[in-house]
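Engineer: This structure is in structure tokens; I'll ask about it shortly.
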Amino acid sequence: MVGRPDPLVRTVDRTASLEDVFRREYDAMFRLAHLITGSPEAAEDVVQESFVRLCRNWDRAAQPGAYLRTVVVSRCRSWQRRRILERQPRPHPPSPSVDNDARELFDALARLGVRQRAALVLRFYADMSEADVAQVLGCRPGTVKSLVHRGLRTLEGSIER
Amino acid sequence: MTSPVEKRLRHALRQEADTVDPPDDAWARIRARVEPEHRRLDLLRPRVVLAAGAAVALLAVVMAAMFGGGGDTRVQVTTESARLYLAPAGVDGYDLVYAVIDPEGASTGPAGEMRVFGRRAPDGVALSASVVVMVPADPFAGDVEERTLRVGNAEVPVYGDELGRRIVRWPDDDGRTVGVATFGLGDEELAAVVASLQGGPALEVQPSLPPGFAEVHRGQMPMAPFRLTDQNWQSSDGRSFSVTVVDVPGIALDMIAGEQPGGHAVDVRGTTGIVTDADLAVLSWIERPGTLVQIMSPELDEAALRRIAEGLRVIDEGAWKALYATAERHELPRDNLTPIPGEAPPNISGDSFLLVRPVLRRVGPPCAAVVVGHSAAVLPEVREGEEVACFEVGPPGLEASDVARARAGADQAGGLWHVELTLSARGASRADALARMVGAGGQLAVVVDGRVVSAPVLATSSLRGPVMVTGLDERSARDLAGRLG
């Protein structure tokens, strides 16, 4: 995904099978879920559940890829809530292949609320427009703008300290 | 204008994403999960046929609901209104950095039909409470907390979502999800609404509504898809603001209040707006039913946002697309941009007995039942003492003092009377601005004493020469010409 897609141009792939969608989307969804949950194990569960749900709602999902992304993000948020309820520690140990600056930022990101984190990941990792992020989060673009703005401010504050 | 932290975040996210590898057996595990449920796993069947079938079935339900039963004139079903294109006027020193137009909205959300019931607030739909019914949809998965509500003899679960709505949902006879999402209803009221809707197909039955409620929207679900335009303006010293116009059928301002906590209400464009005054100032209001406008800025204060709001003018789709094209073309590098040309709308008080106003939409009578969110008003067209149509109109662009001369006349048969208005120089320029604002195919309302006497549709986006007010009888034509002198 590069840049902002032209919203006037839409392609609807109506013949793709679940397996096609898997081949095309799994990798990106897995990484996306990892960035939002901070846990590869959670990411695997979340994406697997999301594919099962896509399969059940196959007839209703006009754009399987977009539908999948929405479900993945929603499941990440549910997972986060469960984790808070169960008071689990953050499960993913820092990886040695990440430089210090990136680790510091990713740790700061992990301390944000899950909605802010999802907005930042979709905006700056998946390179989605505010409007598209709004669709995924089920809110309005203004809210995305606000989530992103506040998220960046908080990150800025926490890495300066 | 990429901030350092944004750049570092992008870098960190990419690095972190590369530290993990997807499991090799992911597909095998997913297949193992879905295959038992779908023995005949015919995922290759063309979904377009099924989707079309479902749409037809749903449409049939809606049509039956709209035209089947005896007419209850208290219920006003509004159609989806035309897009509203807004651009700021009189904001010197700002350049348009980017503009996005999304005419259809993405189709990623759950599909569903909905009905919205609103309570009229003193200034329109603002701050109303709303009841939303959706079929079929499950848009609330994820962010819910549960408690129970007694409906008849049963306890039903109530969910809350992030917006502060309370939601009750249940499957109907066809297995679709029906839900009521509400702000502001008390437990007893909510239980009564749910009980009445459970008594039949949710798109057809008249629910038991608390006093003051009426149906204000019937159509696609809110939020998904919504259609929007978004523009971002920047000044050379780094200040910026954006103007977003979102079509969200059935939206009420209380939805925004729930989403932007800590705000306070202000008067903006003659209706209620909400300002949140944290580090990102946001001014939100319902410009007209189903259309939410938001101006936001990290740098500007409330007063500045309100000045921008008051200076917003309606432009036609063509002008907006030109704007969009300009912004896209100039997206990088972001300098030497040309601000939107155009003058501020005339400040006409609306007291004059003759006004010409842009028509935002036309709906059926009774006009008192039409819910409006705009500063302007719903004005009736009256024939032989009866309302025949209602026009929701924007701010006046022309008034009686803009008329230099008026002459009443009739066609040769003497049956159809008109008044020919010769405009003053100021009037001519105002008329032309008005015509450019509504554009070719747009409609104007000629309003005399608060009633629409004529509503011409413009063939072109310019208005020059005398203006004919038609559709009058002899008495009213002579009367109008006489009053205009």
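In the structure tokens, the first chain shown is A, the next is B, and so on; residue numbers restart at 1 for each chain, and ligands run from 1 in the order shown.
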For the interface of chain A with chain B (cut-off 8 Å, counting only C-alpha atoms), please tabulate each contacting residue of chain A alongside its nearest pair of atoms and their separation in Å to one decimal, rows sorted by chain and increasing number, as CSV.
Structural biologist:
```
residue,atom,partner,partner_atom,distance
A:Pro7,CA,B:Asp102,CA,5.7
A:Leu8,CA,B:Asp102,CA,6.5
A:Arg14,CA,B:Arg47,CA,6.2
A:Thr15,CA,B:Pro46,CA,5.9
A:Ala16,CA,B:Leu44,CA,6.9
A:Ser17,CA,B:Leu43,CA,5.5
A:Leu18,CA,B:Leu43,CA,6.7
A:Glu19,CA,B:Trp27,CA,7.9
A:Phe22,CA,B:Trp27,CA,7.3
A:Asp27,CA,B:Pro22,CA,6.2
A:Phe30,CA,B:Pro22,CA,6.4
A:Arg31,CA,B:Ala17,CA,5.4
A:Leu32,CA,B:Ala17,CA,7.5
A:His34,CA,B:Ala17,CA,7.3
A:Leu35,CA,B:Ala17,CA,6.6
A:Pro40,CA,B:Val20,CA,6.8
A:Glu44,CA,B:Pro22,CA,7.6
A:Gln48,CA,B:Ile30,CA,5.9
A:Phe51,CA,B:Ile30,CA,7.0
A:Val52,CA,B:Val34,CA,5.9
A:Cys55,CA,B:Val34,CA,7.1
A:Trp58,CA,B:Leu43,CA,7.8
A:Asp59,CA,B:Arg47,CA,5.8
A:Arg60,CA,B:Ala51,CA,7.0
A:Ala61,CA,B:Thr108,CA,7.2
A:Ala62,CA,B:Ser107,CA,6.9
A:Gln63,CA,B:Thr108,CA,6.5
A:Ala66,CA,B:Thr108,CA,5.7
A:Tyr67,CA,B:Thr108,CA,5.3
A:Thr70,CA,B:Thr108,CA,7.5
A:Ser74,CA,B:Gly142,CA,5.9
A:Arg75,CA,B:Gly142,CA,6.8
A:Arg77,CA,B:Gly142,CA,7.1
A:Ser78,CA,B:Gly142,CA,5.5
A:Ser95,CA,B:Thr19,CA,6.8
A:Ser97,CA,B:Thr19,CA,7.0
A:Val98,CA,B:Gln15,CA,6.1
A:Asp101,CA,B:Ala12,CA,7.5
A:Ala102,CA,B:Ala12,CA,4.1
A:Arg103,CA,B:Ala12,CA,6.9
A:Leu105,CA,B:Ala12,CA,6.5
A:Phe106,CA,B:Ala12,CA,6.4
A:Val121,CA,B:Leu13,CA,7.4
A:Phe124,CA,B:Arg10,CA,5.5
A:Tyr125,CA,B:Leu13,CA,6.1
A:Asp132,CA,B:Ala106,CA,7.5
A:Gln135,CA,B:Gly109,CA,6.9
A:Val136,CA,B:Thr108,CA,7.6
A:Gly138,CA,B:Met223,CA,6.9
A:Cys139,CA,B:Met223,CA,7.1
A:Arg140,CA,B:Met223,CA,7.4
A:Gly142,CA,B:Gln294,CA,7.1
A:Thr143,CA,B:Glu259,CA,7.8
A:Ser146,CA,B:Leu280,CA,6.7
A:His149,CA,B:Leu280,CA,7.5
A:Arg150,CA,B:Asp279,CA,7.9
A:Leu152,CA,B:Val5,CA,6.8
A:Leu155,CA,B:Val5,CA,7.5
A:Glu156,CA,B:Val5,CA,6.1
```
Engineer: Next, the residues of the selection above should be written as a PDB file, in the first residue's frame with C-alpha atoms.
Structural biologist:
```pdb
ATOM      1  CA  PRO A   7     -11.252   7.127  -3.502  1.00  0.00           C
ATOM      2  CA  LEU A   8     -12.894   7.632  -6.864  1.00  0.00           C
ATOM      3  CA  ARG A  14     -16.198 -10.706  -6.518  1.00  0.00           C
ATOM      4  CA  THR A  15     -14.743 -14.048  -7.430  1.00  0.00           C
ATOM      5  CA  ALA A  16     -11.876 -14.390  -5.019  1.00  0.00           C
ATOM      6  CA  SER A  17     -11.973 -17.444  -2.838  1.00  0.00           C
ATOM      7  CA  LEU A  18     -11.062 -17.517   0.809  1.00  0.00           C
ATOM      8  CA  GLU A  19      -7.753 -19.062  -0.095  1.00  0.00           C
ATOM      9  CA  PHE A  22      -5.543 -15.706   2.550  1.00  0.00           C
ATOM     10  CA  ASP A  27       0.921 -11.691   5.915  1.00  0.00           C
ATOM     11  CA  PHE A  30      -0.637 -10.775  10.775  1.00  0.00           C
ATOM     12  CA  ARG A  31       1.904  -7.961  10.979  1.00  0.00           C
ATOM     13  CA  LEU A  32      -0.830  -5.394  11.478  1.00  0.00           C
ATOM     14  CA  HIS A  34       1.116  -7.827  15.861  1.00  0.00           C
ATOM     15  CA  LEU A  35       1.707  -4.082  15.846  1.00  0.00           C
ATOM     16  CA  PRO A  40       2.707 -12.478  17.681  1.00  0.00           C
ATOM     17  CA  GLU A  44      -2.090 -15.344  15.021  1.00  0.00           C
ATOM     18  CA  GLN A  48      -7.331 -16.816  12.392  1.00  0.00           C
ATOM     19  CA  PHE A  51     -10.698 -15.456   8.625  1.00  0.00           C
ATOM     20  CA  VAL A  52     -13.286 -17.728  10.211  1.00  0.00           C
ATOM     21  CA  CYS A  55     -15.859 -17.179   5.831  1.00  0.00           C
ATOM     22  CA  TRP A  58     -18.616 -14.285   2.884  1.00  0.00           C
ATOM     23  CA  ASP A  59     -21.787 -13.244   1.094  1.00  0.00           C
ATOM     24  CA  ARG A  60     -22.010  -9.959   2.921  1.00  0.00           C
ATOM     25  CA  ALA A  61     -18.422  -8.807   2.551  1.00  0.00           C
ATOM     26  CA  ALA A  62     -18.281  -6.896  -0.705  1.00  0.00           C
ATOM     27  CA  GLN A  63     -14.547  -6.365  -0.333  1.00  0.00           C
ATOM     28  CA  ALA A  66     -11.292  -4.461   3.650  1.00  0.00           C
ATOM     29  CA  TYR A  67     -13.788  -6.497   5.637  1.00  0.00           C
ATOM     30  CA  THR A  70     -11.990  -4.204   9.944  1.00  0.00           C
ATOM     31  CA  SER A  74     -11.897  -4.990  16.055  1.00  0.00           C
ATOM     32  CA  ARG A  75     -10.589  -8.337  17.364  1.00  0.00           C
ATOM     33  CA  ARG A  77      -9.241  -4.277  20.440  1.00  0.00           C
ATOM     34  CA  SER A  78     -11.276  -7.059  22.069  1.00  0.00           C
ATOM     35  CA  SER A  95      13.520  -8.061  19.700  1.00  0.00           C
ATOM     36  CA  SER A  97      16.961  -6.681  15.688  1.00  0.00           C
ATOM     37  CA  VAL A  98      15.182  -3.414  16.509  1.00  0.00           C
ATOM     38  CA  ASP A 101      15.005   4.444  19.089  1.00  0.00           C
ATOM     39  CA  ALA A 102      12.455   2.179  17.441  1.00  0.00           C
ATOM     40  CA  ARG A 103      12.099   0.092  20.587  1.00  0.00           C
ATOM     41  CA  LEU A 105       8.865   4.350  20.402  1.00  0.00           C
ATOM     42  CA  PHE A 106       7.189   0.972  20.110  1.00  0.00           C
ATOM     43  CA  VAL A 121      -0.694   1.809  13.112  1.00  0.00           C
ATOM     44  CA  PHE A 124       1.467   5.215   9.556  1.00  0.00           C
ATOM     45  CA  TYR A 125       2.156   1.528   9.007  1.00  0.00           C
ATOM     46  CA  ASP A 132     -10.249   4.703   5.470  1.00  0.00           C
ATOM     47  CA  GLN A 135     -14.162   3.070   8.261  1.00  0.00           C
ATOM     48  CA  VAL A 136     -12.058   0.424   9.950  1.00  0.00           C
ATOM     49  CA  GLY A 138     -16.161   2.540  12.890  1.00  0.00           C
ATOM     50  CA  CYS A 139     -15.860   6.195  13.754  1.00  0.00           C
ATOM     51  CA  ARG A 140     -15.743   9.445  11.837  1.00  0.00           C
ATOM     52  CA  GLY A 142     -12.633  13.721  12.700  1.00  0.00           C
ATOM     53  CA  THR A 143     -12.193  11.195  15.456  1.00  0.00           C
ATOM     54  CA  SER A 146      -8.052  13.539  16.906  1.00  0.00           C
ATOM     55  CA  HIS A 149      -3.008  13.907  16.795  1.00  0.00           C
ATOM     56  CA  ARG A 150      -3.276  13.042  20.470  1.00  0.00           C
ATOM     57  CA  LEU A 152       1.541  11.557  18.341  1.00  0.00           C
ATOM     58  CA  LEU A 155       4.422   9.648  22.005  1.00  0.00           C
ATOM     59  CA  GLU A 156       6.367  12.848  21.662  1.00  0.00           C
TER      60      GLU A 156
END
```
Engineer: Work out how far apart CA of Val91 in chain B and CA of Arg307 in chain B are and give it in Å to one decimal.
Structural biologist: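 Rounded to one decimal, the two atoms are 8.8 Å apart.
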Engineer: Have a look at A:Ala119, A:Val71, A:Ala33, A:Ala28 and name the one nearest to Ser50 in chain A; count only C-alpha atoms.
Structural biologist: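 Residue with the minimum atom-to-atom distance to Ser50 in chain A: A:Val71.
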Engineer: Using CA of Arg83 in chain B and CA of Gln443 in chain B as the two end points, give the distance in Å to one decimal.
Structural biologist: 13.7 Å
Engineer: May I have the residues within 12 Å of Gly199 in chain B as number ranges by chain, using only C-alpha atoms and disregarding those fewer than 4 positions away in the same chain?
Structural biologist: B: 152, 170, 172-173, 192-195, 203-208
